[in-house]
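query_4.cif, holding mmCIF, C-alpha atoms:
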```
data_query
loop_
_atom_site.label_atom_id
_atom_site.label_comp_id
_atom_site.auth_asym_id
_atom_site.auth_seq_id
_atom_site.Cartn_x
_atom_site.Cartn_y
_atom_site.Cartn_z
CA GLY D 1 -9.02 21.42 0.18
CA THR D 2 -6.15 23.30 -1.41
CA ILE D 3 -2.69 22.12 -2.37
CA ALA D 4 0.05 23.41 -0.08
CA PRO D 5 2.55 25.92 -1.54
CA GLU D 6 5.51 23.61 -0.81
CA VAL D 7 3.83 20.88 -2.87
CA LEU D 8 3.24 23.25 -5.79
CA GLU D 9 6.88 24.32 -5.58
CA LEU D 10 8.03 20.70 -5.91
CA LEU D 11 5.70 20.19 -8.88
CA GLU D 12 7.21 23.12 -10.76
CA GLN D 13 10.39 21.08 -11.24
CA ASP D 14 10.85 17.73 -12.95
CA LEU D 15 9.49 15.20 -10.49
CA THR D 16 12.00 12.88 -8.86
CA GLU D 17 11.11 9.78 -6.88
CA ASP D 18 12.15 11.41 -3.60
CA ALA D 19 10.06 14.49 -4.38
CA ALA D 20 7.06 12.29 -5.21
CA VAL D 21 7.34 10.50 -1.87
CA LYS D 22 7.58 13.84 -0.05
CA ILE D 23 4.51 15.17 -1.85
CA ALA D 24 2.53 12.03 -0.99
CA VAL D 25 3.37 12.31 2.71
CA LEU D 26 2.47 16.01 2.71
CA ASN D 27 -0.58 15.94 0.48
CA ASN D 28 -2.19 12.49 0.54
CA ARG D 29 -5.50 12.71 2.42
CA SER D 30 -5.27 9.13 3.69
CA VAL D 31 -2.21 10.20 5.71
CA ARG D 32 -4.28 12.93 7.33
CA ALA D 33 -7.05 10.43 8.05
CA ALA D 34 -4.51 8.09 9.65
CA LEU D 35 -3.17 10.87 11.86
CA ALA D 36 -6.76 11.68 12.86
CA ARG D 37 -7.20 8.04 13.91
CA LEU D 38 -4.07 8.37 16.01
CA SER D 39 -5.54 11.43 17.69
CA VAL D 40 -8.73 9.47 18.40
CA SER D 41 -6.76 6.66 20.06
CA SER D 42 -4.77 9.18 22.10
CA ALA D 43 -7.97 10.84 23.29
CA GLU D 44 -9.44 7.44 24.18
CA LEU D 45 -6.35 6.73 26.31
CA VAL D 46 -6.93 9.96 28.22
CA GLN D 47 -10.62 9.09 28.58
CA ALA D 48 -9.78 5.65 29.94
CA GLY D 49 -7.83 7.24 32.80
CA LEU D 50 -10.74 9.36 33.99
CA LEU D 51 -13.22 8.42 36.71
CA ARG D 52 -16.88 8.52 35.92
CA ASN D 53 -18.75 11.63 36.99
CA PRO D 54 -20.75 11.52 40.25
CA VAL D 55 -24.47 10.92 39.86
CA PHE D 56 -26.90 13.36 41.42
CA SER D 57 -30.44 12.18 42.09
CA ALA D 58 -33.53 13.92 43.48
CA ASN D 59 -37.16 13.00 43.90
CA ALA D 60 -40.25 14.46 45.58
CA LYS D 61 -43.38 12.84 46.94
CA PHE D 62 -46.48 14.92 47.68
CA PHE D 63 -48.67 14.08 50.71
CA ASP D 64 -51.53 15.88 52.40
CA ALA D 65 -49.23 16.52 55.34
CA GLY D 66 -46.54 18.03 53.15
CA THR D 67 -43.89 17.23 50.57
CA GLU D 68 -41.22 14.61 51.09
CA LEU D 69 -37.90 15.36 49.41
CA GLU D 70 -34.96 13.07 48.83
CA ILE D 71 -31.65 13.97 47.22
CA GLY D 72 -28.44 12.03 46.85
CA VAL D 73 -24.97 12.05 45.32
CA LEU D 74 -23.46 8.72 44.32
CA GLN D 75 -19.97 7.95 43.00
CA PRO D 76 -19.27 4.69 41.08
CA PHE D 77 -16.45 3.51 43.34
CA ILE D 78 -15.82 0.28 41.40
CA ASP D 79 -14.18 2.48 38.74
CA LEU D 80 -11.41 3.17 41.23
CA PHE D 81 -10.30 -0.44 40.81
CA PHE D 82 -10.87 -0.63 37.05
CA VAL D 83 -9.33 2.65 35.85
CA SER D 84 -5.79 1.31 35.67
CA ALA D 85 -6.93 -1.84 33.84
CA ARG D 86 -8.97 0.16 31.33
CA LYS D 87 -6.02 2.49 30.82
CA ARG D 88 -3.76 -0.45 30.02
CA VAL D 89 -6.31 -1.64 27.44
CA ALA D 90 -6.36 1.82 25.86
CA GLU D 91 -2.54 1.91 25.84
CA SER D 92 -2.46 -1.36 23.92
CA GLU D 93 -5.07 -0.05 21.49
CA LEU D 94 -2.96 3.08 20.94
CA GLU D 95 0.10 0.89 20.31
CA ALA D 96 -1.86 -1.14 17.76
CA THR D 97 -3.06 2.03 16.03
CA ARG D 98 0.49 3.38 15.85
CA ALA D 99 1.75 0.15 14.28
CA GLU D 100 -1.12 0.09 11.77
CA ILE D 101 -0.53 3.70 10.76
CA ALA D 102 3.21 3.11 10.39
CA GLY D 103 2.42 0.18 8.10
CA GLU D 104 0.03 2.32 6.05
CA ILE D 105 2.67 5.02 5.59
CA VAL D 106 5.23 2.41 4.52
CA ARG D 107 2.74 1.11 1.97
CA LEU D 108 2.07 4.64 0.70
CA VAL D 109 5.79 5.26 0.20
CA TYR D 110 6.26 2.03 -1.76
CA ASP D 111 3.06 2.52 -3.74
CA VAL D 112 4.47 5.88 -4.86
CA ARG D 113 7.81 4.33 -5.77
CA ARG D 114 6.11 1.55 -7.75
CA ALA D 115 3.88 4.03 -9.56
CA PHE D 116 6.96 6.10 -10.37
CA VAL D 117 8.68 3.04 -11.88
CA ARG D 118 5.60 2.32 -14.01
CA VAL D 119 5.54 5.88 -15.35
CA HIS D 120 9.26 5.72 -16.14
CA ALA D 121 8.88 2.33 -17.82
CA GLY D 122 5.82 3.47 -19.77
CA GLU D 123 7.68 6.47 -21.15
CA ARG D 124 10.66 4.29 -22.05
CA VAL D 125 8.45 1.77 -23.87
CA LEU D 126 6.84 4.69 -25.71
CA ASP D 127 10.29 5.83 -26.85
CA VAL D 128 11.05 2.31 -28.07
CA ASP D 129 7.73 2.07 -29.93
CA ARG D 130 8.32 5.47 -31.53
CA GLU D 131 11.69 4.23 -32.71
CA ALA D 132 9.96 1.15 -34.09
CA LEU D 133 7.48 3.39 -35.88
CA ARG D 134 10.29 5.39 -37.48
CA ALA D 135 11.95 2.17 -38.62
CA ALA D 136 8.65 0.81 -39.99
CA GLN D 137 7.96 4.10 -41.78
CA ALA D 138 11.43 4.07 -43.38
CA SER D 139 11.00 0.43 -44.40
CA CYS D 140 7.59 1.09 -45.89
CA ASP D 141 8.83 4.17 -47.77
CA LEU D 142 11.70 2.18 -49.24
CA THR D 143 9.42 -0.69 -50.18
CA ARG D 144 7.07 1.72 -51.99
CA GLU D 145 9.96 3.12 -54.01
CA LEU D 146 11.15 -0.36 -54.91
CA HIS D 147 7.57 -1.35 -55.74
CA ARG D 148 7.22 1.59 -58.12
CA ALA D 149 10.45 0.47 -59.79
CA GLY D 150 9.05 -3.04 -60.15
CA ASN D 151 11.57 -4.63 -57.77
CA VAL D 152 9.11 -5.63 -55.02
CA THR D 153 5.93 -7.65 -55.18
CA ASP D 154 2.51 -6.39 -54.16
CA ALA D 155 2.50 -8.90 -51.32
CA ARG D 156 5.73 -7.48 -49.91
CA LEU D 157 4.35 -3.92 -50.07
CA THR D 158 1.15 -4.99 -48.34
CA THR D 159 3.17 -6.73 -45.64
CA ASP D 160 5.20 -3.60 -44.93
CA GLU D 161 2.12 -1.39 -44.90
CA LEU D 162 0.51 -3.73 -42.39
CA ALA D 163 3.68 -3.59 -40.29
CA LEU D 164 3.55 0.21 -40.40
CA GLY D 165 -0.07 0.13 -39.25
CA ARG D 166 0.85 -2.16 -36.34
CA ALA D 167 3.70 0.17 -35.38
CA LYS D 168 1.34 3.18 -35.35
CA LEU D 169 -1.14 1.23 -33.23
CA ALA D 170 1.65 0.25 -30.81
CA VAL D 171 2.62 3.92 -30.36
CA THR D 172 -1.01 4.88 -29.76
CA ARG D 173 -1.34 2.11 -27.20
CA ALA D 174 1.94 3.09 -25.50
CA GLU D 175 0.80 6.73 -25.29
CA SER D 176 -2.43 5.58 -23.66
CA ASP D 177 -0.46 3.37 -21.25
CA VAL D 178 1.61 6.37 -20.14
CA VAL D 179 -1.55 8.37 -19.43
CA GLU D 180 -2.97 5.41 -17.50
CA ALA D 181 0.27 4.99 -15.53
CA ARG D 182 0.21 8.64 -14.43
CA GLU D 183 -3.25 8.52 -12.85
CA PRO D 184 -2.47 6.15 -9.94
CA LEU D 185 0.46 8.41 -9.09
CA ASN D 186 -1.84 11.47 -9.20
CA VAL D 187 -4.13 9.74 -6.70
CA LEU D 188 -1.25 8.81 -4.41
CA LEU D 189 0.09 12.37 -4.54
CA GLY D 190 -3.38 13.85 -3.92
CA LEU D 191 -3.28 15.98 -7.08
CA TRP D 192 -6.01 17.33 -9.33
CA GLY D 193 -6.68 20.11 -11.83
CA ASP D 194 -3.68 22.01 -13.16
CA SER D 195 -1.35 20.24 -10.73
CA VAL D 196 -1.44 16.97 -12.73
CA GLY D 197 0.68 18.37 -15.55
CA TRP D 198 4.00 17.34 -13.91
CA THR D 199 6.88 15.77 -15.78
CA VAL D 200 9.18 13.09 -14.41
CA ALA D 201 12.91 13.50 -14.14
CA GLY D 202 15.22 10.96 -15.77
CA THR D 203 14.20 7.60 -17.14
CA ILE D 204 14.30 3.96 -16.19
CA GLY D 205 17.94 2.91 -16.28
CA ASP D 206 19.43 0.12 -18.35
CA GLU D 207 21.27 -1.24 -15.33
CA MET D 208 19.73 -2.99 -12.36
CA PRO D 209 20.14 -1.12 -9.07
CA ALA D 210 22.43 -2.52 -6.42
CA PRO D 211 21.15 -5.98 -5.46
CA LEU D 212 19.21 -6.33 -2.25
CA ASP D 213 20.62 -8.11 0.75
CA LEU D 214 18.72 -11.40 0.55
CA GLU D 215 20.25 -13.02 3.62
CA HIS D 216 17.85 -14.05 6.40
CA VAL D 217 14.89 -12.31 4.78
CA GLU D 218 12.37 -14.31 6.80
CA ALA D 219 13.82 -13.32 10.15
CA ARG D 220 14.27 -9.70 9.04
CA ALA D 221 10.69 -9.50 7.78
CA ILE D 222 9.38 -10.90 11.06
CA ALA D 223 11.49 -8.49 13.13
CA ALA D 224 10.46 -5.42 11.10
CA SER D 225 6.76 -6.21 10.69
CA PHE D 226 4.38 -3.48 11.78
CA ASP D 227 1.56 -5.94 11.03
CA LEU D 228 2.89 -8.31 13.68
CA SER D 229 3.38 -5.42 16.10
CA ALA D 230 -0.24 -4.44 15.59
CA GLY D 231 -1.30 -8.09 15.97
CA ARG D 232 0.61 -8.42 19.25
CA ALA D 233 -0.98 -5.23 20.52
CA HIS D 234 -4.45 -6.45 19.54
CA ALA D 235 -3.81 -9.76 21.31
CA LEU D 236 -2.69 -7.85 24.39
CA VAL D 237 -5.84 -5.73 24.18
CA GLU D 238 -7.99 -8.87 24.18
CA ALA D 239 -5.97 -10.42 27.03
CA ARG D 240 -6.42 -7.32 29.16
CA ARG D 241 -10.07 -7.10 28.24
CA ALA D 242 -10.51 -10.75 29.24
CA GLY D 243 -8.90 -10.03 32.61
CA LEU D 244 -11.03 -6.93 33.04
CA ALA D 245 -14.15 -8.88 32.13
CA SER D 246 -13.45 -11.46 34.84
CA TRP D 247 -13.48 -8.74 37.49
CA GLU D 248 -16.40 -6.90 35.98
CA ARG D 249 -18.43 -10.11 36.15
CA ALA D 250 -18.02 -10.09 39.92
CA PHE D 251 -18.34 -6.35 40.41
CA SER D 252 -20.30 -5.00 37.49
CA THR D 253 -21.69 -1.94 39.27
CA GLY D 254 -20.95 -0.42 42.63
CA GLU D 255 -21.85 3.07 43.79
CA ILE D 256 -21.40 4.79 47.11
CA GLY D 257 -22.51 8.21 48.30
CA LEU D 258 -24.72 10.28 50.54
CA VAL D 259 -28.50 10.62 50.61
CA ALA D 260 -30.48 13.40 52.31
CA LYS D 261 -34.21 13.11 52.97
CA ARG D 262 -36.77 15.55 54.36
CA GLU D 263 -39.82 14.08 56.04
CA ALA D 264 -43.21 15.29 54.91
CA VAL D 265 -44.76 15.56 58.41
CA ASP D 266 -42.27 17.52 60.48
CA GLY D 267 -39.92 18.73 57.76
CA GLU D 268 -36.91 17.21 59.51
CA TRP D 269 -33.89 16.35 57.35
CA GLY D 270 -32.03 13.07 57.62
CA LEU D 271 -28.58 12.32 56.18
CA GLY D 272 -26.97 8.94 55.64
CA PRO D 273 -24.78 6.78 53.39
CA ALA D 274 -26.02 5.04 50.26
CA LEU D 275 -24.70 1.90 48.59
CA VAL D 276 -25.79 0.41 45.24
CA PHE D 277 -24.85 -2.99 43.78
CA ASP D 278 -26.07 -5.05 40.87
CA LEU D 279 -27.52 -8.40 41.80
CA PRO D 280 -26.30 -11.05 39.31
CA VAL D 281 -29.63 -12.83 39.20
CA PHE D 282 -30.26 -13.04 35.46
CA ASP D 283 -26.82 -12.30 34.02
CA GLY D 284 -23.87 -13.72 35.88
CA GLY D 285 -21.42 -12.48 33.24
CA GLY D 286 -20.50 -15.95 32.00
CA ALA D 287 -21.39 -15.22 28.39
CA SER D 288 -19.38 -11.99 28.23
CA GLY D 289 -16.41 -13.73 29.86
CA ALA D 290 -16.56 -16.58 27.36
CA ALA D 291 -16.73 -14.07 24.49
CA ALA D 292 -13.68 -12.21 25.84
CA THR D 293 -11.72 -15.46 26.11
CA ALA D 294 -12.74 -16.49 22.58
CA ARG D 295 -11.64 -13.12 21.19
CA LEU D 296 -8.27 -13.59 22.87
CA ARG D 297 -7.84 -17.05 21.33
CA ALA D 298 -8.78 -15.65 17.92
CA ALA D 299 -6.28 -12.80 18.24
CA VAL D 300 -3.47 -15.20 19.15
CA ALA D 301 -4.35 -17.54 16.29
CA ASN D 302 -4.46 -14.64 13.81
CA HIS D 303 -1.07 -13.47 15.04
CA VAL D 304 0.52 -16.88 14.44
CA ALA D 305 -1.16 -17.18 11.02
CA LEU D 306 0.16 -13.75 10.05
CA ALA D 307 3.71 -14.72 11.02
CA VAL D 308 3.46 -17.80 8.78
CA GLU D 309 2.17 -15.65 5.92
CA ILE D 310 4.99 -13.12 6.32
CA ARG D 311 7.62 -15.87 6.21
CA SER D 312 6.04 -17.29 3.06
CA ALA D 313 5.88 -13.84 1.48
CA ALA D 314 9.56 -13.24 2.22
CA ARG D 315 10.52 -16.48 0.45
CA ARG D 316 8.26 -15.81 -2.53
CA LEU D 317 9.41 -12.24 -3.04
CA ARG D 318 13.06 -13.21 -2.63
CA GLU D 319 12.79 -15.87 -5.34
CA ARG D 320 10.73 -13.60 -7.60
CA SER D 321 13.26 -10.80 -7.28
CA LEU D 322 16.18 -13.12 -8.01
CA ALA D 323 14.47 -14.65 -11.05
CA LEU D 324 13.59 -11.29 -12.57
CA GLN D 325 17.06 -9.89 -11.92
CA GLU D 326 18.52 -12.89 -13.76
CA GLN D 327 16.15 -12.36 -16.67
CA ALA D 328 17.02 -8.66 -16.90
CA ALA D 329 20.75 -9.46 -16.72
CA PHE D 330 20.38 -12.11 -19.44
CA LEU D 331 18.54 -9.73 -21.74
CA ARG D 332 21.18 -7.06 -21.22
CA SER D 333 24.24 -9.31 -21.59
CA ASP D 334 23.06 -11.70 -24.33
CA VAL D 335 20.00 -10.44 -26.20
CA LEU D 336 20.53 -6.68 -26.45
CA PRO D 337 24.09 -6.97 -27.88
CA ALA D 338 23.00 -9.67 -30.33
CA ALA D 339 20.13 -7.71 -31.91
CA PRO D 340 22.24 -4.80 -33.30
CA ARG D 341 24.68 -7.34 -34.73
CA VAL D 342 21.88 -8.66 -36.93
CA VAL D 343 21.50 -5.17 -38.42
CA ARG D 344 25.25 -4.69 -38.93
CA GLU D 345 25.81 -8.13 -40.42
CA THR D 346 22.83 -7.72 -42.75
CA ARG D 347 24.28 -4.46 -44.02
CA GLN D 348 27.73 -6.00 -44.52
CA ASN D 349 26.44 -9.08 -46.30
CA ASN D 350 24.02 -7.26 -48.62
CA GLN D 351 25.80 -4.05 -49.58
CA ALA D 352 25.56 -4.86 -53.28
CA MET D 353 21.94 -6.05 -53.17
CA PRO D 354 19.11 -3.49 -53.12
CA LEU D 355 16.67 -6.01 -51.74
CA GLY D 356 19.07 -6.73 -48.90
CA VAL D 357 18.22 -3.37 -47.39
CA LEU D 358 14.86 -4.81 -46.43
CA GLY D 359 16.65 -7.30 -44.24
CA VAL D 360 18.13 -4.43 -42.28
CA PHE D 361 14.65 -3.38 -41.19
CA VAL D 362 13.83 -6.95 -40.21
CA GLY D 363 16.94 -6.89 -38.03
CA LYS D 364 15.89 -3.52 -36.66
CA GLU D 365 12.56 -4.98 -35.61
CA GLU D 366 14.44 -7.68 -33.69
CA GLU D 367 16.56 -5.02 -31.99
CA ILE D 368 13.49 -3.00 -31.00
CA SER D 369 11.69 -6.11 -29.77
CA ALA D 370 14.71 -6.91 -27.61
CA GLN D 371 14.73 -3.37 -26.20
CA ARG D 372 11.04 -3.55 -25.36
CA ALA D 373 11.46 -6.93 -23.65
CA HIS D 374 14.39 -5.57 -21.67
CA VAL D 375 12.47 -2.50 -20.47
CA GLU D 376 9.47 -4.60 -19.43
CA THR D 377 11.62 -7.16 -17.60
CA LEU D 378 13.67 -4.43 -15.92
CA ARG D 379 10.41 -2.79 -14.80
CA ASP D 380 9.18 -6.08 -13.34
CA ALA D 381 12.50 -6.66 -11.60
CA LEU D 382 12.40 -3.18 -10.06
CA LEU D 383 8.82 -3.72 -8.89
CA ALA D 384 9.73 -7.10 -7.37
CA GLY D 385 12.64 -5.48 -5.54
CA LEU D 386 10.36 -2.77 -4.17
CA ASP D 387 7.83 -5.39 -3.06
CA LEU D 388 10.54 -7.17 -1.07
CA GLU D 389 11.85 -3.87 0.32
CA GLU D 390 8.34 -3.01 1.50
CA LEU D 391 8.05 -6.31 3.34
CA LEU D 392 11.46 -5.78 4.97
CA ALA D 393 10.39 -2.24 5.88
CA GLY D 394 7.52 -3.66 7.91
CA HIS D 395 4.40 -3.90 5.71
CA LEU D 396 2.86 -7.04 4.25
CA ASN D 397 1.19 -6.01 0.99
CA HIS D 398 -1.20 -8.84 0.13
CA GLU D 399 -1.98 -7.40 -3.30
CA ARG D 400 1.67 -7.29 -4.32
CA ILE D 401 2.37 -10.80 -3.03
CA GLU D 402 -0.11 -12.16 -5.58
CA ALA D 403 0.65 -9.58 -8.30
CA ASP D 404 2.35 -10.98 -11.39
CA ALA D 405 2.74 -14.36 -9.69
CA GLN D 406 1.78 -16.09 -12.94
CA ARG D 407 3.95 -13.86 -15.12
CA PRO D 408 5.75 -15.88 -17.83
CA VAL D 409 9.41 -16.49 -17.13
CA ALA D 410 10.48 -14.91 -20.41
CA ARG D 411 8.77 -12.85 -23.06
CA GLY D 412 9.49 -11.23 -26.39
CA ALA D 413 13.07 -11.56 -27.57
CA ALA D 414 14.13 -13.47 -24.45
CA ALA D 415 11.59 -16.20 -25.20
CA ARG D 416 12.79 -16.53 -28.77
CA THR D 417 16.45 -16.77 -27.74
CA GLY D 418 16.06 -19.26 -24.91
CA GLY D 419 16.00 -16.78 -22.05
CA HIS D 420 15.85 -18.20 -18.56
#
```
Would you mind writing the file out in structure tokens?
Amino acid sequence: GTIAPEVLELLEQDLTEDAAVKIAVLNNRSVRAALARLSVSSAELVQAGLLRNPVFSANAKFFDAGTELEIGVLQPFIDLFFVSARKRVAESELEATRAEIAGEIVRLVYDVRRAFVRVHAGERVLDVDREALRAAQASCDLTRELHRAGNVTDARLTTDELALGRAKLAVTRAESDVVEAREPLNVLLGLWGDSVGWTVAGTIGDEMPAPLDLEHVEARAIAASFDLSAGRAHALVEARRAGLASWERAFSTGEIGLVAKREAVDGEWGLGPALVFDLPVFDGGGASGAAATARLRAAVANHVALAVEIRSAARRLRERSLALQEQAAFLRSDVLPAAPRVVRETRQNNQAMPLGVLGVFVGKEEEISAQRAHVETLRDALLAGLDLEELLAGHLNHERIEADAQRPVARGAAARTGGH
């Protein structure tokens, strides 16, 4: 396939989150597959409302006195009673398909938004690591000068050179992480070839977005759930199938029509009615009825289990979002302001001491570590908020419920300063 001109036009500009979502809806092939499924269900609904075609039969028997012919046209009249029931089943199946597709589109939108956050965060971490590399390079250059003057030991020089090597490795790793973060977004947007060279607009902000409304999240998740809507529709499908099966057991096949026959001897034609019924001698339909009832019980049980899971997910995601928002706020209010003070105070206290300059770079490392921890925690808080938003928008994402569930409460600078 080719990429639509409107998609290419959006890619020519710096990519915003809204533009990425629009591209995904326009260009993602799974959306097209979902719409094709909807068309299939719609066609099946039309098919369910149609009567079966009449059956034409003919046979010939050859005798010495002549040929006996028999022809007939039969119409399955039992369908007249079952068409409305089968149509109601197809309507429920169409409703289930609509709910499932709506849930898939909600997931696609939030997958794009999460991937966008990861790209933003990856680029921000890369900026931080590049700043760390510049600081490590300056520290190492100064240490080399002091070492040549005999003011620094070999061990100190080696330590700084190792720190510089670690900083270079961190930048290389961060660059690789950015490339890795872009690829899931390329897949979600349905891009390949030259179209993957997009650039993102803006960067991950220092501030948390407006807090989510966390009141009554369980009830809101239940009310919005497309998964539950699909489950209810599937249960209704099985209930209607069970009712249909009970009638089909009694009247599995019934055909009525006309039969014409020509006698072999005198060639006279005879015309009369024809009636065909199944005789329930070997299969009384009990097994199929029991299976239909069992499927209905399973559908109801699955529906209840899903409602329990959605309520649990709402509680988990609410608490996860709150905890990560608190961590991000703590890092911003307590840790980030403290780290630059280390640099300033080191400069003030060691202005007359050449070796004191080395302490400035130690303080700079603390500042950079705090920035990295803040970006990572802010990223996780944004992702947790999007996970909860997705649930409240109607889709239960099992992968995201379990994602990062074992993430440490605090990392990096927050862990060293007693972050909560």
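You can rank D:Asp160, D:Glu238, D:Asp278, D:Glu218 by their closest distance to D:Ala85 using all atoms listed in the file, and at the top of that list sits D:Glu238.
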Q: Could you list the residues chosen by the PyMOL selection byres ((chain D and resi 378) around 8) in this structure as an MDAnalysis selection string?
A: chainID D and resid 206 208 324:325 328 374:377 379:382
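Closest approach to D:Arg130 among D:Arg220, D:Arg173, D:Arg107, D:His147: D:Arg173, based on only C-alpha atoms.
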**Q.** Polymer residues at most 12 Å from D:Val308, only C-alpha atoms, same-chain spacing of 6 or more positions, as a VMD selection string
**A.** chain D and resid 218 to 219 221 to 222 228 301 to 302 314 to 315 396
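Using only C-alpha atoms, the smallest distance between any of D:Ala115, D:Glu326, D:Gly394, D:Ala242 and D:Asn186 comes from D:Ala115.
Atom pair atom CA of D:Ser84 / atom CA of D:Leu35: separated by 25.8 Å.
The gap separating atom CA of D:Ser369 from atom CA of D:Arg320 is 23.4 Å, in Å to one decimal.
The space between atom CA of D:Gly122 and atom CA of D:Asp177 spans 6.5 Å.
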Q: Find the residues near D:Ala274: any atom within 10 Å, counting only C-alpha atoms, skip ones fewer than 6 places away on the same chain, and give them as a PyMOL selection string.
A: chain D and resi 72-75+255-260
(Q) List the spatial neighbours of D:Ile23 as an NGL selection string - criterion: any atom at most 8 Å away, all atoms listed in the file, same-chain residues fewer than 5 positions off excluded. (A) :D and (7 or 10 or 28 or 189)
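Compared by their closest atoms to D:Arg182, and using only C-alpha atoms, the residues D:Ile101, D:Val119, D:Leu15, D:Leu94 rank with D:Val119 nearest.
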Q) In file coordinates, which residues lie within 12 Å of (9.7, -3.1, 6.1) using all atoms listed in the file, given as a ChimeraX atom specification? A) /D:99,102-107,109-110,217-228,310,314,386-397
Write stretch 297-308 of chain D as an mmCIF file, in the frame of the given file, completed to N, CA and C atoms.
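This went into out.cif:
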```
data_model
loop_
_atom_site.group_PDB
_atom_site.id
_atom_site.type_symbol
_atom_site.label_atom_id
_atom_site.label_comp_id
_atom_site.auth_asym_id
_atom_site.auth_seq_id
_atom_site.Cartn_x
_atom_site.Cartn_y
_atom_site.Cartn_z
ATOM 1 N N ARG D 297 -8.353 -15.900 22.094
ATOM 2 C CA ARG D 297 -7.840 -17.050 21.330
ATOM 3 C C ARG D 297 -7.767 -16.729 19.846
ATOM 4 N N ALA D 298 -8.780 -16.022 19.335
ATOM 5 C CA ALA D 298 -8.780 -15.650 17.920
ATOM 6 C C ALA D 298 -7.630 -14.716 17.588
ATOM 7 N N ALA D 299 -7.366 -13.746 18.477
ATOM 8 C CA ALA D 299 -6.280 -12.800 18.240
ATOM 9 C C ALA D 299 -4.927 -13.506 18.218
ATOM 10 N N VAL D 300 -4.729 -14.441 19.130
ATOM 11 C CA VAL D 300 -3.470 -15.200 19.150
ATOM 12 C C VAL D 300 -3.320 -16.051 17.900
ATOM 13 N N ALA D 301 -4.404 -16.714 17.497
ATOM 14 C CA ALA D 301 -4.350 -17.540 16.290
ATOM 15 C C ALA D 301 -4.070 -16.701 15.055
ATOM 16 N N ASN D 302 -4.697 -15.538 14.951
ATOM 17 C CA ASN D 302 -4.460 -14.640 13.810
ATOM 18 C C ASN D 302 -3.013 -14.162 13.790
ATOM 19 N N HIS D 303 -2.460 -13.926 14.970
ATOM 20 C CA HIS D 303 -1.070 -13.470 15.040
ATOM 21 C C HIS D 303 -0.119 -14.533 14.501
ATOM 22 N N VAL D 304 -0.339 -15.778 14.917
ATOM 23 C CA VAL D 304 0.520 -16.880 14.440
ATOM 24 C C VAL D 304 0.346 -17.073 12.941
ATOM 25 N N ALA D 305 -0.912 -17.019 12.453
ATOM 26 C CA ALA D 305 -1.160 -17.180 11.020
ATOM 27 C C ALA D 305 -0.484 -16.081 10.217
ATOM 28 N N LEU D 306 -0.486 -14.857 10.743
ATOM 29 C CA LEU D 306 0.160 -13.750 10.050
ATOM 30 C C LEU D 306 1.669 -13.949 9.970
ATOM 31 N N ALA D 307 2.262 -14.467 11.036
ATOM 32 C CA ALA D 307 3.710 -14.720 11.020
ATOM 33 C C ALA D 307 4.056 -15.759 9.956
ATOM 34 N N VAL D 308 3.234 -16.796 9.823
ATOM 35 C CA VAL D 308 3.460 -17.800 8.780
ATOM 36 C C VAL D 308 3.364 -17.160 7.399
#
```
